[in-house]
$ cat query37.cif   # mmCIF, C-alpha atoms
data_structure
#
loop_
_atom_site.label_atom_id
_atom_site.label_comp_id
_atom_site.auth_asym_id
_atom_site.auth_seq_id
_atom_site.Cartn_x
_atom_site.Cartn_y
_atom_site.Cartn_z
CA MET M 1 83.06 -129.73 -14.70
CA SER M 2 80.45 -129.00 -12.08
CA GLN M 3 80.12 -125.49 -10.78
CA SER M 4 81.15 -124.76 -7.24
CA SER M 5 79.46 -122.22 -5.02
CA ASP M 6 81.34 -119.02 -5.97
CA VAL M 7 81.24 -119.76 -9.69
CA ALA M 8 77.57 -120.73 -9.50
CA ARG M 9 76.77 -117.53 -7.61
CA LEU M 10 78.50 -115.36 -10.23
CA ALA M 11 76.75 -117.20 -13.06
CA GLU M 12 73.38 -116.77 -11.34
CA GLN M 13 73.95 -113.04 -10.77
CA LEU M 14 74.82 -112.57 -14.43
CA LYS M 15 71.78 -114.57 -15.53
CA SER M 16 69.50 -112.67 -13.17
CA CYS M 17 70.48 -109.22 -14.44
CA PHE M 18 70.38 -110.46 -18.05
CA SER M 19 67.06 -112.29 -18.17
CA GLY M 20 65.89 -113.09 -14.67
CA SER M 21 64.16 -111.14 -11.94
CA PRO M 22 66.87 -108.96 -10.41
CA TRP M 23 66.05 -107.14 -7.19
CA HIS M 24 66.87 -103.75 -8.73
CA GLY M 25 64.17 -103.76 -11.43
CA SER M 26 63.80 -104.97 -14.99
CA SER M 27 66.34 -107.34 -16.50
CA LEU M 28 68.19 -106.32 -19.63
CA MET M 29 66.15 -108.68 -21.83
CA GLU M 30 62.87 -107.51 -20.31
CA LEU M 31 63.77 -103.94 -21.27
CA LEU M 32 64.83 -104.96 -24.78
CA ARG M 33 61.72 -107.07 -25.44
CA GLN M 34 59.70 -103.91 -24.75
CA THR M 35 61.81 -101.79 -27.11
CA PRO M 36 60.36 -101.34 -30.62
CA VAL M 37 62.69 -101.05 -33.59
CA ASP M 38 61.92 -97.33 -34.08
CA LEU M 39 63.05 -96.57 -30.51
CA ALA M 40 66.25 -98.67 -30.63
CA PRO M 41 68.38 -96.21 -32.71
CA ALA M 42 66.96 -93.06 -31.09
CA LYS M 43 69.32 -90.65 -29.37
CA PRO M 44 67.10 -88.57 -27.09
CA LEU M 45 70.05 -87.54 -24.92
CA GLU M 46 72.89 -85.53 -26.39
CA HIS M 47 76.21 -87.43 -26.47
CA ALA M 48 74.56 -90.68 -25.33
CA HIS M 49 74.65 -93.96 -27.20
CA SER M 50 71.42 -95.39 -28.56
CA ILE M 51 69.82 -98.54 -27.17
CA TRP M 52 70.89 -100.36 -30.33
CA GLU M 53 74.50 -99.25 -29.91
CA LEU M 54 74.41 -100.42 -26.29
CA VAL M 55 73.14 -103.84 -27.40
CA LEU M 56 76.01 -104.20 -29.88
CA HIS M 57 78.49 -103.02 -27.22
CA LEU M 58 77.19 -105.51 -24.64
CA THR M 59 77.38 -108.30 -27.21
CA ALA M 60 81.01 -107.46 -27.95
CA TRP M 61 81.92 -107.47 -24.27
CA ASN M 62 80.09 -110.71 -23.45
CA GLN M 63 82.11 -112.32 -26.22
CA ALA M 64 85.34 -110.67 -25.06
CA VAL M 65 84.92 -111.80 -21.44
CA ALA M 66 84.10 -115.36 -22.57
CA ARG M 67 87.22 -115.42 -24.73
CA ARG M 68 89.37 -114.01 -21.93
CA LEU M 69 88.04 -116.76 -19.63
CA ARG M 70 89.45 -119.21 -22.18
CA GLY M 71 92.85 -117.58 -21.74
CA GLU M 72 92.87 -115.48 -24.90
CA LYS M 73 94.78 -112.22 -24.99
CA LEU M 74 92.16 -109.89 -26.39
CA GLU M 75 91.94 -106.17 -26.98
CA LEU M 76 88.90 -104.58 -28.60
CA ALA M 77 89.44 -101.83 -31.12
CA HIS M 78 87.01 -98.90 -30.84
CA GLU M 79 84.91 -100.18 -33.76
CA GLN M 80 84.65 -103.59 -32.04
CA ASP M 81 83.83 -102.01 -28.67
CA TRP M 82 81.19 -99.72 -30.19
CA PRO M 83 80.07 -101.28 -33.50
CA ALA M 84 78.13 -99.00 -35.83
CA VAL M 85 74.48 -99.69 -36.53
CA THR M 86 74.28 -100.06 -40.31
CA ASP M 87 70.80 -101.50 -40.85
CA PHE M 88 67.86 -99.99 -38.97
CA GLY M 89 65.18 -102.51 -39.98
CA GLU M 90 63.13 -104.82 -37.80
CA ALA M 91 65.03 -107.93 -38.94
CA ALA M 92 68.38 -106.30 -38.05
CA TRP M 93 67.05 -105.28 -34.62
CA GLN M 94 65.85 -108.82 -33.92
CA GLU M 95 69.22 -110.16 -35.11
CA ALA M 96 71.04 -107.78 -32.75
CA ILE M 97 68.96 -109.06 -29.83
CA LYS M 98 69.59 -112.68 -30.87
CA ALA M 99 73.33 -111.99 -31.08
CA LEU M 100 73.22 -110.52 -27.56
CA GLU M 101 71.42 -113.61 -26.27
CA GLN M 102 73.93 -115.86 -28.01
CA SER M 103 76.85 -113.91 -26.53
CA HIS M 104 75.28 -114.28 -23.08
CA ARG M 105 75.01 -118.06 -23.58
CA MET M 106 78.64 -118.12 -24.73
CA LEU M 107 79.69 -116.30 -21.56
CA GLN M 108 77.57 -118.56 -19.33
CA GLU M 109 79.13 -121.64 -20.98
CA ALA M 110 82.63 -120.26 -20.33
CA ILE M 111 81.74 -119.57 -16.69
CA ALA M 112 80.31 -123.08 -16.28
CA LYS M 113 83.71 -124.56 -17.10
CA LEU M 114 85.41 -122.73 -14.21
CA SER M 115 86.18 -123.97 -10.75
CA ASP M 116 86.32 -121.72 -7.70
CA ALA M 117 90.12 -122.03 -7.73
CA GLN M 118 90.23 -120.68 -11.29
CA LEU M 119 88.50 -117.46 -10.21
CA SER M 120 91.90 -116.37 -8.89
CA THR M 121 93.50 -116.84 -12.32
CA LYS M 122 94.96 -113.60 -13.64
CA VAL M 123 93.38 -112.42 -16.90
CA VAL M 124 95.98 -112.46 -19.68
CA ASN M 125 97.57 -109.03 -20.07
CA ARG M 126 95.61 -107.56 -17.14
CA ASP M 127 96.26 -106.80 -13.47
CA HIS M 128 93.03 -108.47 -12.30
CA ASP M 129 91.69 -111.99 -11.98
CA TYR M 130 88.68 -113.83 -13.40
CA ARG M 131 86.54 -113.08 -10.32
CA PHE M 132 87.13 -109.33 -10.69
CA MET M 133 86.39 -109.52 -14.43
CA LEU M 134 83.14 -111.45 -13.89
CA ASN M 135 81.98 -109.04 -11.21
CA GLY M 136 82.76 -106.30 -13.73
CA ALA M 137 80.73 -108.06 -16.42
CA ILE M 138 77.75 -108.20 -14.06
CA THR M 139 78.11 -104.52 -13.15
CA HIS M 140 78.56 -103.62 -16.82
CA SER M 141 75.33 -105.35 -17.74
CA VAL M 142 73.37 -103.65 -14.94
CA TYR M 143 74.91 -100.26 -15.77
CA HIS M 144 73.86 -100.44 -19.41
CA ALA M 145 70.42 -101.84 -18.53
CA GLY M 146 69.95 -98.69 -16.44
CA GLN M 147 70.99 -96.55 -19.39
CA ILE M 148 68.54 -98.41 -21.64
CA ALA M 149 65.73 -97.83 -19.13
CA LEU M 150 66.52 -94.09 -19.09
CA LEU M 151 66.76 -93.91 -22.88
CA ARG M 152 63.38 -95.63 -23.16
CA LYS M 153 61.79 -93.12 -20.77
CA SER M 154 63.51 -90.16 -22.50
CA SER M 155 62.20 -91.23 -25.90
CA ARG M 156 58.52 -91.39 -24.99
#
$ encode --input "query37.cif" --output "structure tokens"
Amino acid sequence: MSQSSDVARLAEQLKSCFSGSPWHGSSLMELLRQTPVDLAPAKPLEHAHSIWELVLHLTAWNQAVARRLRGEKLELAHEQDWPAVTDFGEAAWQEAIKALEQSHRMLQEAIAKLSDAQLSTKVVNRDHDYRFMLNGAITHSVYHAGQIALLRKSSR
């Protein structure tokens, strides 16, 4: 199914904040590519999540939104929403980044199957539609990219 203008615009906004050149600053992937493994689990701010935890959280939500776009009724338990970091090595960090990239592709593929008319479809078990959810996914990504930028600066 070809993308129509509203769907294409949402997909492009999501892509831009994830790995493009957003107007507001660095994309999420640009920030993560500059984050060494020793900085990823750091918690320089009291009561804040680490960069690594944010990556796992974003991965979970990219997957959740993609599944909801397919009509699945989905609730994330706390441990799914905020998975624990259990391996702090370089290979695990690179795998976490790869999983985030894969979840982004999964979400983009789900968006690509939508028509403009489907943006008004109500999300199963929610009071909002697909358009609202996708705008939320974009905002969510930008919000956490901002947190990651602050955590990077606070850890130097």
$ residues_around --input "query37.cif" --residues "Ala99 in chain M" --least-positions-apart "5" --cutoff "9 Å" --atoms "all atoms listed in the file" --output "list in words"
Val55, Leu56, Thr59, Gln94 and His104 of chain M
$ write_last_selection --input "query37.cif" --atoms "C-alpha atoms" --output "CSV table (one decimal), in the coordinates of the input"
chain,number,residue,atom,x,y,z
M,55,VAL,CA,73.1,-103.8,-27.4
M,56,LEU,CA,76.0,-104.2,-29.9
M,59,THR,CA,77.4,-108.3,-27.2
M,94,GLN,CA,65.8,-108.8,-33.9
M,104,HIS,CA,75.3,-114.3,-23.1
$ resolve_selection --input "query37.cif" --expression "the PyMOL selection byres ((chain M and resi 128-136) around 8)" --output "PyMOL selection string"
chain M and resi 10+65+69+118-123+126-127+137-140
$ write_last_selection --input "query37.cif" --atoms "C-alpha atoms" --output "PDB file, in the frame of the given file"
ATOM      1  CA  LEU M  10      78.500-115.360 -10.230  1.00  0.00           C
ATOM      2  CA  VAL M  65      84.920-111.800 -21.440  1.00  0.00           C
ATOM      3  CA  LEU M  69      88.040-116.760 -19.630  1.00  0.00           C
ATOM      4  CA  GLN M 118      90.230-120.680 -11.290  1.00  0.00           C
ATOM      5  CA  LEU M 119      88.500-117.460 -10.210  1.00  0.00           C
ATOM      6  CA  SER M 120      91.900-116.370  -8.890  1.00  0.00           C
ATOM      7  CA  THR M 121      93.500-116.840 -12.320  1.00  0.00           C
ATOM      8  CA  LYS M 122      94.960-113.600 -13.640  1.00  0.00           C
ATOM      9  CA  VAL M 123      93.380-112.420 -16.900  1.00  0.00           C
ATOM     10  CA  ARG M 126      95.610-107.560 -17.140  1.00  0.00           C
ATOM     11  CA  ASP M 127      96.260-106.800 -13.470  1.00  0.00           C
ATOM     12  CA  ALA M 137      80.730-108.060 -16.420  1.00  0.00           C
ATOM     13  CA  ILE M 138      77.750-108.200 -14.060  1.00  0.00           C
ATOM     14  CA  THR M 139      78.110-104.520 -13.150  1.00  0.00           C
ATOM     15  CA  HIS M 140      78.560-103.620 -16.820  1.00  0.00           C
TER      16      HIS M 140
END
$ closest_residue --input "query37.cif" --among "M:Ala110, M:Gly71, M:Ala40, M:Thr86" --to "Leu54 in chain M" --atoms "all atoms listed in the file"
M:Ala40
$ closest_residue --input "query37.cif" --among "M:Pro36, M:Gly20, M:Pro83, M:Gly89" --to "His49 in chain M" --atoms "only C-alpha atoms"
M:Pro83
$ resolve_selection --input "query37.cif" --expression "the PyMOL selection byres ((chain M and resi 88) around 12)" --output "PyMOL selection string"
chain M and resi 36-42+50+52-53+84-87+89-96
$ residues_around --input "query37.cif" --residues "Met29 in chain M" --least-positions-apart "2" --cutoff "10 Å" --atoms "only C-alpha atoms" --output "MDAnalysis selection string"
chainID M and resid 17:20 26:27 31:35 97 100:101 145
$ closest_residue --input "query37.cif" --among "M:Ala11, M:Leu58, M:Ala66, M:Leu74" --to "Val124 in chain M" --atoms "only C-alpha atoms"
M:Leu74
$ atom_distance --input "query37.cif" --atom1 "CA of Ala64 in chain M" --atom2 "CA of Pro44 in chain M"
28.7 Å
$ closest_residue --input "query37.cif" --among "M:Arg9, M:Arg70, M:Arg156, M:His78" --to "His57 in chain M" --atoms "only C-alpha atoms"
M:His78
$ closest_residue --input "query37.cif" --among "M:Lys98, M:Glu109, M:Ile51, M:Ala117" --to "Trp82 in chain M" --atoms "all atoms listed in the file"
M:Ile51
$ closest_residue --input "query37.cif" --among "M:Ser16, M:Ala112, M:Lys43, M:Ala48" --to "Glu30 in chain M" --atoms "all atoms listed in the file"
M:Ser16
$ atom_distance --input "query37.cif" --atom1 "CA of Glu46 in chain M" --atom2 "CA of Leu150 in chain M"
12.9 Å
